[in-house]
file structure-v8.cif (mmCIF, C-alpha atoms)
data_upload
loop_
_atom_site.label_atom_id
_atom_site.label_comp_id
_atom_site.auth_asym_id
_atom_site.auth_seq_id
_atom_site.Cartn_x
_atom_site.Cartn_y
_atom_site.Cartn_z
CA MET Y 1030 0.00 0.00 0.00
CA PRO Y 1031 1.40 3.46 -0.90
CA ALA Y 1032 2.44 5.69 1.97
CA LYS Y 1033 -0.29 8.03 3.16
CA ARG Y 1034 0.26 11.53 1.84
CA ALA Y 1035 -0.21 14.48 4.15
CA LEU Y 1036 -1.39 17.71 2.51
CA PRO Y 1037 0.65 20.92 2.69
CA VAL Y 1038 -1.08 24.01 3.99
CA LYS Y 1039 -1.92 26.50 1.25
CA ALA Y 1040 -2.68 30.20 1.70
CA LYS Y 1041 -6.40 30.88 1.81
CA PRO Y 1042 -8.12 33.73 -0.03
CA PRO Y 1043 -8.70 37.00 1.85
CA ASP Y 1044 -11.33 36.66 4.57
CA ASN Y 1045 -13.76 39.15 3.03
CA ILE Y 1046 -14.22 37.08 -0.13
CA TRP Y 1047 -16.22 34.33 1.59
CA PRO Y 1048 -19.46 36.17 2.43
CA GLU Y 1049 -19.47 37.51 -1.13
CA ARG Y 1050 -19.08 34.00 -2.49
CA LEU Y 1051 -21.88 32.75 -0.28
CA ARG Y 1052 -24.13 35.46 -1.73
CA TYR Y 1053 -23.07 34.34 -5.22
CA PHE Y 1054 -24.37 30.82 -4.59
CA ALA Y 1055 -27.45 32.05 -2.72
CA ALA Y 1056 -28.40 34.05 -5.81
CA ARG Y 1057 -28.22 30.82 -7.83
CA GLN Y 1058 -30.08 28.66 -5.33
CA ASP Y 1059 -33.28 28.43 -7.38
CA ALA Y 1060 -31.33 27.47 -10.49
CA LEU Y 1061 -29.45 24.83 -8.51
CA VAL Y 1062 -32.74 23.38 -7.25
CA ALA Y 1063 -34.08 23.30 -10.80
CA THR Y 1064 -30.99 21.37 -11.94
CA ILE Y 1065 -31.32 18.84 -9.11
CA ARG Y 1066 -34.97 18.37 -10.04
CA GLN Y 1067 -34.01 17.87 -13.67
CA LEU Y 1068 -31.56 15.11 -12.68
CA VAL Y 1069 -34.02 13.43 -10.31
CA GLU Y 1070 -36.64 13.25 -13.04
CA ILE Y 1071 -34.27 11.21 -15.21
CA GLU Y 1072 -34.57 7.88 -13.43
CA SER Y 1073 -31.35 5.88 -13.29
CA PRO Y 1074 -31.64 2.66 -11.26
CA SER Y 1075 -28.46 0.62 -10.91
CA ASP Y 1076 -29.98 -2.45 -12.56
CA ASN Y 1077 -31.30 -0.73 -15.69
CA LYS Y 1078 -28.41 -0.13 -18.08
CA ALA Y 1079 -30.46 1.70 -20.70
CA ALA Y 1080 -31.84 4.14 -18.12
CA ALA Y 1081 -28.43 4.65 -16.49
CA ASP Y 1082 -26.83 5.27 -19.89
CA ARG Y 1083 -29.41 7.97 -20.62
CA MET Y 1084 -28.43 9.65 -17.36
CA GLY Y 1085 -24.71 9.34 -18.11
CA GLY Y 1086 -25.11 10.80 -21.59
CA PHE Y 1087 -27.17 13.69 -20.28
CA LEU Y 1088 -24.58 14.50 -17.62
CA ALA Y 1089 -21.76 14.29 -20.15
CA GLY Y 1090 -23.45 17.04 -22.14
CA MET Y 1091 -23.96 19.20 -19.05
CA PHE Y 1092 -20.31 18.97 -18.00
CA GLU Y 1093 -19.06 19.55 -21.54
CA ALA Y 1094 -21.20 22.71 -21.68
CA ILE Y 1095 -19.07 24.20 -18.87
CA GLY Y 1096 -15.74 23.29 -20.45
CA GLY Y 1097 -15.11 19.66 -19.55
CA ARG Y 1098 -13.89 16.85 -21.78
CA ALA Y 1099 -16.19 13.86 -21.24
CA ARG Y 1100 -15.31 10.20 -21.62
CA LEU Y 1101 -17.64 7.25 -21.03
CA HIS Y 1102 -16.05 4.04 -19.73
CA HIS Y 1103 -18.08 1.17 -21.17
CA ALA Y 1104 -19.62 -1.34 -18.79
CA GLU Y 1105 -21.39 -4.50 -19.90
CA GLU Y 1106 -23.91 -5.05 -17.13
CA PHE Y 1107 -24.33 -1.56 -15.68
CA GLY Y 1108 -24.43 1.93 -17.12
CA ASP Y 1109 -21.29 3.37 -18.66
CA ASN Y 1110 -19.23 5.31 -16.10
CA LEU Y 1111 -18.59 9.01 -16.77
CA GLN Y 1112 -15.21 10.71 -16.49
CA VAL Y 1113 -14.90 14.46 -17.17
CA ASP Y 1114 -11.54 16.24 -17.23
CA PHE Y 1115 -11.17 19.97 -16.69
CA PRO Y 1116 -7.82 21.70 -17.33
CA GLY Y 1117 -6.41 24.17 -14.82
CA ARG Y 1118 -3.93 27.02 -14.89
CA GLU Y 1119 -1.55 25.39 -12.42
CA LYS Y 1120 0.42 22.35 -13.56
CA VAL Y 1121 -0.43 20.21 -10.54
CA LYS Y 1122 -2.24 16.97 -9.90
CA PRO Y 1123 -6.02 17.23 -10.29
CA VAL Y 1124 -8.57 17.07 -7.53
CA LEU Y 1125 -10.90 14.13 -8.08
CA LEU Y 1126 -14.61 14.82 -7.48
CA LEU Y 1127 -16.17 11.42 -6.93
CA GLY Y 1128 -19.82 10.39 -6.98
CA HIS Y 1129 -22.48 8.22 -8.56
CA PHE Y 1130 -25.62 8.72 -10.61
CA ASP Y 1131 -27.29 5.37 -9.97
CA THR Y 1132 -30.12 5.09 -7.46
CA VAL Y 1133 -31.77 2.29 -5.51
CA TYR Y 1134 -35.22 3.08 -6.91
CA PRO Y 1135 -36.71 1.01 -9.77
CA SER Y 1136 -37.93 2.66 -12.94
CA GLY Y 1137 -41.39 4.10 -12.49
CA THR Y 1138 -40.83 5.23 -8.88
CA LEU Y 1139 -41.56 8.83 -9.87
CA GLU Y 1140 -45.20 7.87 -10.41
CA THR Y 1141 -45.67 7.21 -6.69
CA MET Y 1142 -42.82 9.36 -5.34
CA PRO Y 1143 -42.80 12.48 -7.54
CA CYS Y 1144 -40.13 15.12 -7.31
CA ARG Y 1145 -41.57 18.11 -5.44
CA VAL Y 1146 -40.67 21.11 -3.30
CA ALA Y 1147 -42.40 21.59 0.05
CA ASP Y 1148 -41.48 23.39 3.27
CA GLY Y 1149 -38.02 24.32 2.07
CA ARG Y 1150 -37.15 20.78 1.02
CA LEU Y 1151 -36.74 19.11 -2.36
CA TYR Y 1152 -38.16 15.59 -2.32
CA GLY Y 1153 -37.59 12.83 -4.84
CA PRO Y 1154 -35.90 9.47 -5.50
CA GLY Y 1155 -32.15 9.98 -5.48
CA ALA Y 1156 -32.37 13.71 -4.69
CA LEU Y 1157 -30.14 13.41 -1.63
CA ASP Y 1158 -28.19 10.29 -2.62
CA MET Y 1159 -26.78 11.79 -4.65
CA LYS Y 1160 -28.04 13.84 -7.57
CA ALA Y 1161 -27.80 17.02 -5.51
CA GLY Y 1162 -24.09 16.31 -5.14
CA ILE Y 1163 -23.72 16.13 -8.92
CA ALA Y 1164 -25.52 19.45 -9.34
CA LEU Y 1165 -23.17 21.01 -6.77
CA MET Y 1166 -20.20 19.84 -8.86
CA LEU Y 1167 -21.64 21.54 -11.94
CA TYR Y 1168 -22.32 24.88 -10.27
CA VAL Y 1169 -19.04 24.98 -8.35
CA ILE Y 1170 -16.88 24.22 -11.38
CA GLU Y 1171 -18.73 26.88 -13.35
CA ALA Y 1172 -18.27 29.37 -10.49
CA LEU Y 1173 -14.54 28.72 -10.13
CA GLY Y 1174 -14.10 29.24 -13.85
CA ALA Y 1175 -15.92 32.58 -13.66
CA TRP Y 1176 -14.03 33.79 -10.58
CA HIS Y 1177 -10.58 32.84 -11.84
CA GLY Y 1178 -10.95 33.15 -15.61
CA GLY Y 1179 -10.59 29.38 -15.83
CA LEU Y 1180 -10.10 26.74 -13.17
CA PRO Y 1181 -7.12 27.43 -10.90
CA ARG Y 1182 -6.14 23.75 -10.97
CA PRO Y 1183 -7.13 20.64 -12.94
CA VAL Y 1184 -10.28 18.87 -11.79
CA THR Y 1185 -11.45 15.37 -12.68
CA VAL Y 1186 -15.08 14.37 -12.18
CA PHE Y 1187 -15.86 10.66 -12.01
CA LEU Y 1188 -19.49 9.57 -11.72
CA VAL Y 1189 -20.18 5.86 -11.52
CA SER Y 1190 -23.29 3.89 -12.42
CA ASP Y 1191 -23.07 1.03 -9.93
CA GLU Y 1192 -22.11 2.44 -6.51
CA GLU Y 1193 -25.34 1.27 -4.92
CA VAL Y 1194 -24.63 -2.35 -5.93
CA GLY Y 1195 -20.93 -2.66 -5.11
CA SER Y 1196 -19.06 -0.67 -7.83
CA SER Y 1197 -17.85 -3.80 -9.62
CA SER Y 1198 -17.67 -2.12 -13.04
CA SER Y 1199 -16.21 1.17 -11.83
CA ARG Y 1200 -13.80 0.40 -9.00
CA GLU Y 1201 -10.75 -0.14 -11.19
CA VAL Y 1202 -11.19 3.24 -12.89
CA THR Y 1203 -11.89 4.96 -9.57
CA GLU Y 1204 -8.65 3.65 -8.11
CA SER Y 1205 -6.67 4.49 -11.25
CA LEU Y 1206 -7.89 8.09 -11.24
CA ALA Y 1207 -7.28 8.42 -7.49
CA ARG Y 1208 -3.63 7.40 -7.89
CA GLU Y 1209 -3.12 10.37 -10.19
CA SER Y 1210 -4.95 12.85 -7.95
CA ALA Y 1211 -3.82 15.16 -5.16
CA ALA Y 1212 -6.99 14.43 -3.16
CA VAL Y 1213 -10.46 12.97 -3.50
CA LEU Y 1214 -13.60 14.91 -2.56
CA VAL Y 1215 -16.68 12.69 -2.35
CA LEU Y 1216 -20.06 14.35 -2.98
CA GLU Y 1217 -22.11 11.81 -1.06
CA PRO Y 1218 -24.68 13.40 1.31
CA ALA Y 1219 -23.57 15.04 4.53
CA ALA Y 1220 -24.14 13.22 7.82
CA GLY Y 1221 -27.55 14.25 9.11
CA LEU Y 1222 -29.14 17.67 9.37
CA ARG Y 1223 -26.07 19.09 11.11
CA GLY Y 1224 -24.27 18.76 7.78
CA ALA Y 1225 -21.17 17.02 9.09
CA VAL Y 1226 -18.57 15.79 6.63
CA LYS Y 1227 -17.59 12.14 6.85
CA THR Y 1228 -14.07 11.38 8.02
CA ALA Y 1229 -14.60 7.66 8.67
CA ARG Y 1230 -16.81 4.96 7.20
CA LYS Y 1231 -17.19 1.32 8.07
CA GLY Y 1232 -15.98 -1.38 5.73
CA VAL Y 1233 -18.64 -3.48 4.05
CA GLY Y 1234 -18.73 -7.20 3.31
CA GLU Y 1235 -21.28 -9.33 1.50
CA TYR Y 1236 -21.37 -13.08 2.09
CA ARG Y 1237 -23.69 -15.93 1.17
CA LEU Y 1238 -23.99 -18.96 3.41
CA THR Y 1239 -25.42 -22.02 1.64
CA VAL Y 1240 -26.58 -25.13 3.46
CA SER Y 1241 -27.09 -28.44 1.65
CA GLY Y 1242 -29.26 -30.93 3.52
CA VAL Y 1243 -31.06 -34.17 2.72
CA ALA Y 1244 -34.61 -34.03 1.35
CA ALA Y 1245 -37.37 -36.35 2.53
CA HIS Y 1246 -41.16 -36.49 2.70
CA ALA Y 1247 -42.18 -34.59 5.81
CA GLY Y 1248 -45.07 -36.97 6.50
CA LEU Y 1249 -43.90 -40.39 5.31
CA ASP Y 1250 -40.17 -40.28 6.10
CA PRO Y 1251 -39.45 -37.36 8.45
CA GLY Y 1252 -36.62 -39.25 10.16
CA LYS Y 1253 -34.73 -39.66 6.90
CA GLY Y 1254 -34.50 -35.95 6.21
CA HIS Y 1255 -31.87 -33.46 7.36
CA SER Y 1256 -33.31 -30.00 7.02
CA ALA Y 1257 -31.14 -27.31 5.46
CA ILE Y 1258 -33.54 -24.73 6.91
CA VAL Y 1259 -33.11 -25.98 10.48
CA GLU Y 1260 -29.33 -26.03 10.03
CA LEU Y 1261 -29.35 -22.54 8.57
CA ALA Y 1262 -31.41 -21.27 11.51
CA ARG Y 1263 -28.84 -22.67 13.91
CA GLN Y 1264 -25.99 -21.11 11.97
CA ILE Y 1265 -27.69 -17.70 11.91
CA THR Y 1266 -28.05 -17.90 15.69
CA ALA Y 1267 -24.35 -18.69 15.95
CA LEU Y 1268 -23.48 -15.81 13.61
CA SER Y 1269 -25.24 -13.36 15.88
CA GLY Y 1270 -22.42 -13.99 18.35
CA LEU Y 1271 -20.02 -12.20 15.99
CA ASN Y 1272 -21.75 -8.87 16.63
CA ASP Y 1273 -19.56 -6.59 18.71
CA LEU Y 1274 -21.04 -3.11 18.48
CA ARG Y 1275 -18.50 -1.68 20.90
CA ARG Y 1276 -15.72 -2.59 18.46
CA GLY Y 1277 -17.78 -1.55 15.45
CA ILE Y 1278 -18.45 -5.06 14.11
CA SER Y 1279 -21.93 -6.04 12.94
CA VAL Y 1280 -23.13 -9.17 11.14
CA ASN Y 1281 -26.67 -9.34 9.76
CA ALA Y 1282 -28.37 -12.21 7.92
CA GLY Y 1283 -30.74 -10.00 6.00
CA VAL Y 1284 -32.22 -12.36 3.40
CA ILE Y 1285 -32.91 -16.09 3.78
CA ARG Y 1286 -34.26 -18.56 1.25
CA GLY Y 1287 -34.94 -22.26 1.43
CA GLY Y 1288 -37.15 -25.21 0.72
CA THR Y 1289 -39.59 -26.05 -2.02
CA ARG Y 1290 -42.84 -27.17 -0.33
CA SER Y 1291 -44.14 -27.37 3.22
CA ASN Y 1292 -44.35 -31.17 3.03
CA VAL Y 1293 -40.71 -31.57 1.93
CA ILE Y 1294 -37.80 -31.43 4.34
CA ALA Y 1295 -35.61 -28.79 2.74
CA ALA Y 1296 -32.53 -29.90 0.83
CA GLU Y 1297 -31.09 -26.40 0.47
CA ALA Y 1298 -31.22 -23.01 2.18
CA THR Y 1299 -29.19 -19.81 1.86
CA ALA Y 1300 -28.61 -16.61 3.81
CA ASP Y 1301 -27.26 -13.34 2.45
CA ILE Y 1302 -25.13 -11.76 5.15
CA ASP Y 1303 -24.10 -8.12 5.53
CA VAL Y 1304 -20.89 -7.47 7.47
CA ARG Y 1305 -19.65 -4.09 8.75
CA ILE Y 1306 -16.23 -3.47 10.27
CA LYS Y 1307 -14.67 -0.35 11.76
CA LEU Y 1308 -10.98 -1.17 11.23
CA ALA Y 1309 -9.13 -2.82 8.37
CA ARG Y 1310 -7.47 -5.29 10.71
CA GLN Y 1311 -10.90 -6.71 11.62
CA ALA Y 1312 -11.53 -7.95 8.07
CA ALA Y 1313 -9.37 -11.07 8.29
CA MET Y 1314 -10.82 -12.10 11.66
CA VAL Y 1315 -14.44 -11.82 10.53
CA ASP Y 1316 -13.69 -13.58 7.25
CA ARG Y 1317 -11.93 -16.40 9.07
CA ARG Y 1318 -14.81 -16.85 11.52
CA LEU Y 1319 -17.37 -17.04 8.71
CA ARG Y 1320 -15.35 -19.55 6.71
CA SER Y 1321 -14.71 -21.72 9.76
CA LEU Y 1322 -18.41 -22.42 10.38
CA ARG Y 1323 -19.12 -26.14 10.75
CA PRO Y 1324 -22.50 -27.92 10.51
CA LEU Y 1325 -24.21 -28.98 13.71
CA ASP Y 1326 -26.06 -31.66 11.73
CA LYS Y 1327 -23.23 -33.74 10.29
CA ARG Y 1328 -25.39 -34.79 7.33
CA CYS Y 1329 -25.57 -31.15 6.19
CA LYS Y 1330 -22.86 -29.32 4.32
CA LEU Y 1331 -21.97 -25.63 4.46
CA SER Y 1332 -20.35 -23.35 1.90
CA VAL Y 1333 -19.49 -19.67 2.26
CA ALA Y 1334 -18.95 -17.29 -0.67
CA GLY Y 1335 -18.20 -13.57 -0.87
CA GLY Y 1336 -15.96 -11.30 1.11
CA ILE Y 1337 -15.21 -7.74 2.20
CA ASN Y 1338 -16.08 -5.46 -0.73
CA ARG Y 1339 -15.04 -2.13 0.76
CA MET Y 1340 -12.37 -1.81 3.41
CA PRO Y 1341 -13.05 0.83 6.07
CA MET Y 1342 -12.34 4.49 5.45
CA GLU Y 1343 -10.23 5.21 8.51
CA ARG Y 1344 -9.51 8.70 9.81
CA ASN Y 1345 -5.87 8.78 8.76
CA ALA Y 1346 -3.51 11.75 8.39
CA GLY Y 1347 -4.67 12.58 4.86
CA VAL Y 1348 -8.34 12.56 5.85
CA ALA Y 1349 -7.66 14.67 8.95
CA ALA Y 1350 -5.71 17.25 6.93
CA LEU Y 1351 -8.58 17.71 4.50
CA TYR Y 1352 -11.06 18.06 7.34
CA LYS Y 1353 -8.85 20.77 8.88
CA LYS Y 1354 -8.97 22.68 5.59
CA ALA Y 1355 -12.75 22.30 5.44
CA GLN Y 1356 -13.09 23.63 8.97
CA ALA Y 1357 -10.97 26.67 8.09
CA ILE Y 1358 -13.18 27.47 5.09
CA ALA Y 1359 -16.36 27.08 7.13
CA ARG Y 1360 -15.08 29.42 9.82
CA GLN Y 1361 -14.92 32.25 7.28
CA ILE Y 1362 -18.72 32.39 7.37
CA ASP Y 1363 -19.04 31.55 11.10
CA TRP Y 1364 -19.96 27.95 10.38
CA LYS Y 1365 -18.75 25.30 12.83
CA LEU Y 1366 -18.35 22.34 10.49
CA GLU Y 1367 -18.49 19.00 12.28
CA GLU Y 1368 -17.21 15.57 11.31
CA ALA Y 1369 -18.83 12.16 11.61
CA ALA Y 1370 -18.03 8.47 11.39
CA VAL Y 1371 -20.81 6.49 9.69
CA GLY Y 1372 -21.74 2.87 9.17
CA GLY Y 1373 -22.39 2.98 5.43
CA GLY Y 1374 -19.70 2.61 2.78
CA SER Y 1375 -18.99 4.61 -0.37
CA ASP Y 1376 -16.40 4.67 -3.13
CA GLY Y 1377 -14.42 6.96 -0.83
CA ASN Y 1378 -13.55 3.77 1.09
CA PHE Y 1379 -11.55 2.65 -1.93
CA THR Y 1380 -9.53 5.84 -2.31
CA ALA Y 1381 -8.86 6.40 1.40
CA GLY Y 1382 -7.72 2.80 1.70
CA MET Y 1383 -5.13 3.48 -1.01
CA GLY Y 1384 -3.62 6.29 1.08
CA VAL Y 1385 -5.00 9.08 -1.11
CA PRO Y 1386 -6.32 11.99 1.04
CA THR Y 1387 -10.12 11.68 0.93
CA LEU Y 1388 -12.97 13.69 2.44
CA ASP Y 1389 -16.51 12.35 2.15
CA GLY Y 1390 -19.97 13.78 2.79
CA LEU Y 1391 -19.41 17.04 0.92
CA GLY Y 1392 -22.78 16.78 -0.82
CA ALA Y 1393 -26.22 17.99 0.16
CA VAL Y 1394 -27.80 18.12 3.61
CA GLY Y 1395 -31.03 16.19 4.08
CA LEU Y 1396 -32.65 13.01 5.35
CA GLY Y 1397 -34.22 9.80 4.08
CA ALA Y 1398 -31.64 8.38 1.66
CA HIS Y 1399 -33.16 5.25 0.04
CA ALA Y 1400 -36.53 6.01 1.68
CA ALA Y 1401 -39.88 7.43 0.60
CA HIS Y 1402 -39.20 10.72 2.41
CA GLU Y 1403 -35.76 11.28 0.83
CA HIS Y 1404 -35.13 15.01 0.60
CA VAL Y 1405 -32.61 17.84 0.39
CA VAL Y 1406 -32.68 20.93 2.65
CA ILE Y 1407 -32.64 23.71 0.06
CA SER Y 1408 -31.30 26.50 2.29
CA GLU Y 1409 -28.10 24.52 2.94
CA LEU Y 1410 -27.13 24.29 -0.74
CA PRO Y 1411 -25.22 27.62 -0.94
CA ARG Y 1412 -23.00 26.69 2.02
CA ARG Y 1413 -22.26 23.28 0.54
CA ALA Y 1414 -21.30 24.89 -2.77
CA LEU Y 1415 -19.06 27.40 -1.01
CA LEU Y 1416 -17.32 24.62 0.92
CA LEU Y 1417 -16.67 22.55 -2.21
CA ALA Y 1418 -15.30 25.55 -4.10
CA GLY Y 1419 -12.93 26.37 -1.25
CA MET Y 1420 -11.75 22.77 -0.97
CA ILE Y 1421 -10.90 22.57 -4.67
CA GLU Y 1422 -8.85 25.77 -4.34
CA SER Y 1423 -7.08 24.83 -1.12
CA VAL Y 1424 -5.87 21.29 -1.80
CA GLY Y 1425 -2.08 21.32 -2.11
#
call {"tool": "encode", "arguments": {"input": "structure-v8.cif", "output": "structure tokens"}}
result
Amino acid sequence: MPAKRALPVKAKPPDNIWPERLRYFAARQDALVATIRQLVEIESPSDNKAAADRMGGFLAGMFEAIGGRARLHHAEEFGDNLQVDFPGREKVKPVLLLGHFDTVYPSGTLETMPCRVADGRLYGPGALDMKAGIALMLYVIEALGAWHGGLPRPVTVFLVSDEEVGSSSSREVTESLARESAAVLVLEPAAGLRGAVKTARKGVGEYRLTVSGVAAHAGLDPGKGHSAIVELARQITALSGLNDLRRGISVNAGVIRGGTRSNVIAAEATADIDVRIKLARQAAMVDRRLRSLRPLDKRCKLSVAGGINRMPMERNAGVAALYKKAQAIARQIDWKLEEAAVGGGSDGNFTAGMGVPTLDGLGAVGLGAHAAHEHVVISELPRRALLLAGMIESVG
């Protein structure tokens, strides 16, 4: 693993520029909301390649309209992933703005969950997670170009189509771009209504436990059967012992399947298991415990597939340095910016794990990601735009 790179301190703009910049974004708040709404109303579920490709193509045009050079990385199963490169005046490494345009909502969700504005909030599927973050990228890049007569440094935007389902088609490109970048700024939503940025995330694992038993007629030959369902139930009970919330370890059998008919002793059963870990060193221990499971019924057989998909994003020196810069920017407008450690993973886990300075949660403020009440707090958008603009300028 490459050595973790600390970020040098760079001179900040004069103090009096920040309130003026905040007013700049406040004046464009309605336009920003309209853009978010436009993106939300183009549905882009992870599992619908045609729909995701429409979203990617639309975004490519929007970023090219403000001076970017767009490139679509082809993916077979998911939507093509969008990279946009912006030149800068300084000959330095680019800042990578990382995000995704896929959502967890199936096509047609807008019919029952329409995009709407009410009580100062913008509601809609994917509004918070994370189409608002994409809109912030667009407006901030455009603003920096206007303020400086062109971007002060190179910026790379990478928007993936499969973040919500594991990033299998995009991870390699994400990591390649991160290696060439000075820092990674992730436009996932902020943590809660306090708008905290995310300086730590848990690692995420996905496993499948399969039990093979012996089928028999439940009425005629019950003693000859060895139920895969019963064995799976016992194993799930044993797995619950791996939970250690104090150490940040959680194991959840979230989906179970098994059997064919009620009068047949089940020959097979499976459980899909979600694993969360706080520290990278916990990954091997949890993996070993899962793979060392043994059947209690010796006539049943167990198999375990899967693994840790995203290692934890730990609060290392590079992450802490970026947070310090973000705090300094926020203070210019009397904003006490907080940090948070969260249980969910993002593609920022990949880049932080490589040792590339990464700050997550720079996107919109709101609640209800993946839920029917998903929404963005509109009044917070100007501050989020200001923070992103300052971070792009201040990265060394």
call {"tool": "resolve_selection", "arguments": {"input": "structure-v8.cif", "expression": "the PyMOL selection byres ((chain Y and resi 1124-1132) around 9)", "output": "ChimeraX atom specification"}}
result
/Y:1068,1072-1076,1081,1084-1085,1108,1110,1122-1123,1133-1135,1154-1155,1158-1160,1162-1163,1166,1182-1193,1203,1206-1207,1209-1217,1375-1377,1399,1421,1424
call {"tool": "resolve_selection", "arguments": {"input": "structure-v8.cif", "expression": "the PyMOL selection byres ((chain Y and resi 1101) around 7)", "output": "MDAnalysis selection string"}}
result
chainID Y and resid 1099:1100 1102:1103 1109:1112
call {"tool": "resolve_selection", "arguments": {"input": "structure-v8.cif", "expression": "the PyMOL selection byres ((chain Y and resi 1055-1064) around 12)", "output": "JSON, numbers by chain"}}
result
{"Y": [1048, 1049, 1050, 1051, 1052, 1053, 1054, 1065, 1066, 1067, 1068, 1069, 1070, 1071, 1087, 1088, 1091, 1144, 1145, 1146, 1149, 1150, 1151, 1152, 1153, 1156, 1157, 1160, 1161, 1162, 1163, 1164, 1165, 1166, 1167, 1168, 1169, 1171, 1172, 1393, 1404, 1405, 1406, 1407, 1408, 1409, 1410, 1411, 1412, 1413, 1414, 1415]}
call {"tool": "atom_distance", "arguments": {"input": "structure-v8.cif", "atom1": "CA of Ile1278 (chain Y)", "atom2": "CA of Lys1307 (chain Y)"}}
result
6.5 Å
call {"tool": "closest_residue", "arguments": {"input": "structure-v8.cif", "among": "Y:Gly1234, Y:Gln1264, Y:Val1226, Y:Asp1301", "to": "Leu1416 (chain Y)", "atoms": "all atoms listed in the file"}}
result
Y:Val1226
call {"tool": "closest_residue", "arguments": {"input": "structure-v8.cif", "among": "Y:Arg1083, Y:Arg1118, Y:Lys1078, Y:Lys1231", "to": "Asn1338 (chain Y)", "atoms": "all atoms listed in the file"}}
result
Y:Lys1231
call {"tool": "closest_residue", "arguments": {"input": "structure-v8.cif", "among": "Y:Val1280, Y:Leu1238, Y:Ala1357, Y:Ala1175", "to": "Ala1300 (chain Y)", "atoms": "only C-alpha atoms"}}
result
Y:Leu1238
call {"tool": "atom_distance", "arguments": {"input": "structure-v8.cif", "atom1": "CA of Glu1105 (chain Y)", "atom2": "CA of Phe1379 (chain Y)"}}
result
21.7 Å
call {"tool": "axis_aligned_box", "arguments": {"input": "structure-v8.cif", "around": "region 1336-1349 of chain Y", "padding_each_side": "8 Å", "output": "lines of an AutoDock Vina configuration file"}}
result
center_x = -9.8
center_y = 1.7
center_z = 4.5
size_x = 28.6
size_y = 42.0
size_z = 26.5
call {"tool": "atom_distance", "arguments": {"input": "structure-v8.cif", "atom1": "CA of Arg1098 (chain Y)", "atom2": "CA of Phe1115 (chain Y)"}}
result
6.6 Å
call {"tool": "closest_residue", "arguments": {"input": "structure-v8.cif", "among": "Y:His1246, Y:Arg1223, Y:Lys1120, Y:Arg1339", "to": "Ser1291 (chain Y)", "atoms": "only C-alpha atoms"}}
result
Y:His1246
call {"tool": "closest_residue", "arguments": {"input": "structure-v8.cif", "among": "Y:Pro1341, Y:Gly1419, Y:Gly1283, Y:Gly1395", "to": "Gln1311 (chain Y)", "atoms": "all atoms listed in the file"}}
result
Y:Pro1341
call {"tool": "closest_residue", "arguments": {"input": "structure-v8.cif", "among": "Y:Ala1257, Y:Leu1139, Y:Ala1298, Y:Met1340", "to": "Arg1310 (chain Y)", "atoms": "only C-alpha atoms"}}
result
Y:Met1340
call {"tool": "residues_near_point", "arguments": {"input": "structure-v8.cif", "point": "(-23.6, -31.5, 11.4)", "cutoff": "12 Å", "atoms": "all atoms listed in the file", "output": "MDAnalysis selection string"}}
result
chainID Y and resid 1240:1243 1255:1257 1259:1261 1263:1264 1322:1331
call {"tool": "residues_around", "arguments": {"input": "structure-v8.cif", "residues": "Arg1305 (chain Y)", "least_positions_apart": "2", "cutoff": "12 Å", "atoms": "only C-alpha atoms", "output": "MDAnalysis selection string"}}
result
chainID Y and resid 1230:1236 1271:1274 1276:1282 1302:1303 1307:1309 1311:1312 1315:1316 1336:1342 1371:1374
call {"tool": "residues_around", "arguments": {"input": "structure-v8.cif", "residues": "Gly1097 (chain Y)", "least_positions_apart": "3", "cutoff": "7 Å", "atoms": "all atoms listed in the file", "output": "PDB file with C-alpha atoms, in the coordinates of the input"}}
result
ATOM      1  CA  PHE Y1092     -20.310  18.970 -18.000  1.00  0.00           C
ATOM      2  CA  GLU Y1093     -19.060  19.550 -21.540  1.00  0.00           C
ATOM      3  CA  VAL Y1113     -14.900  14.460 -17.170  1.00  0.00           C
ATOM      4  CA  ASP Y1114     -11.540  16.240 -17.230  1.00  0.00           C
ATOM      5  CA  PHE Y1115     -11.170  19.970 -16.690  1.00  0.00           C
TER       6      PHE Y1115
END
call {"tool": "decode", "arguments": {"input": "structure-v8.cif", "residues": "region 1374-1378 of chain Y", "atoms": "N, CA, C and O atoms", "output": "PDB file, in the first residue's frame"}}
result
ATOM      1  N   GLY Y1374     -20.901   2.472   3.598  1.00  0.00           N
ATOM      2  CA  GLY Y1374     -19.698   2.610   2.779  1.00  0.00           C
ATOM      3  C   GLY Y1374     -19.970   3.437   1.541  1.00  0.00           C
ATOM      4  O   GLY Y1374     -21.109   3.676   1.157  1.00  0.00           O
ATOM      5  N   SER Y1375     -18.900   3.910   0.908  1.00  0.00           N
ATOM      6  CA  SER Y1375     -18.987   4.613  -0.372  1.00  0.00           C
ATOM      7  C   SER Y1375     -17.718   4.316  -1.153  1.00  0.00           C
ATOM      8  O   SER Y1375     -16.806   3.629  -0.660  1.00  0.00           O
ATOM      9  N   ASP Y1376     -17.630   4.857  -2.352  1.00  0.00           N
ATOM     10  CA  ASP Y1376     -16.403   4.670  -3.128  1.00  0.00           C
ATOM     11  C   ASP Y1376     -15.226   5.409  -2.506  1.00  0.00           C
ATOM     12  O   ASP Y1376     -14.071   5.144  -2.850  1.00  0.00           O
ATOM     13  N   GLY Y1377     -15.499   6.332  -1.575  1.00  0.00           N
ATOM     14  CA  GLY Y1377     -14.417   6.956  -0.828  1.00  0.00           C
ATOM     15  C   GLY Y1377     -13.653   5.953   0.012  1.00  0.00           C
ATOM     16  O   GLY Y1377     -12.475   6.179   0.333  1.00  0.00           O
ATOM     17  N   ASN Y1378     -14.281   4.838   0.390  1.00  0.00           N
ATOM     18  CA  ASN Y1378     -13.550   3.771   1.087  1.00  0.00           C
ATOM     19  C   ASN Y1378     -12.383   3.272   0.252  1.00  0.00           C
ATOM     20  O   ASN Y1378     -11.300   3.002   0.781  1.00  0.00           O
TER      21      ASN Y1378
END
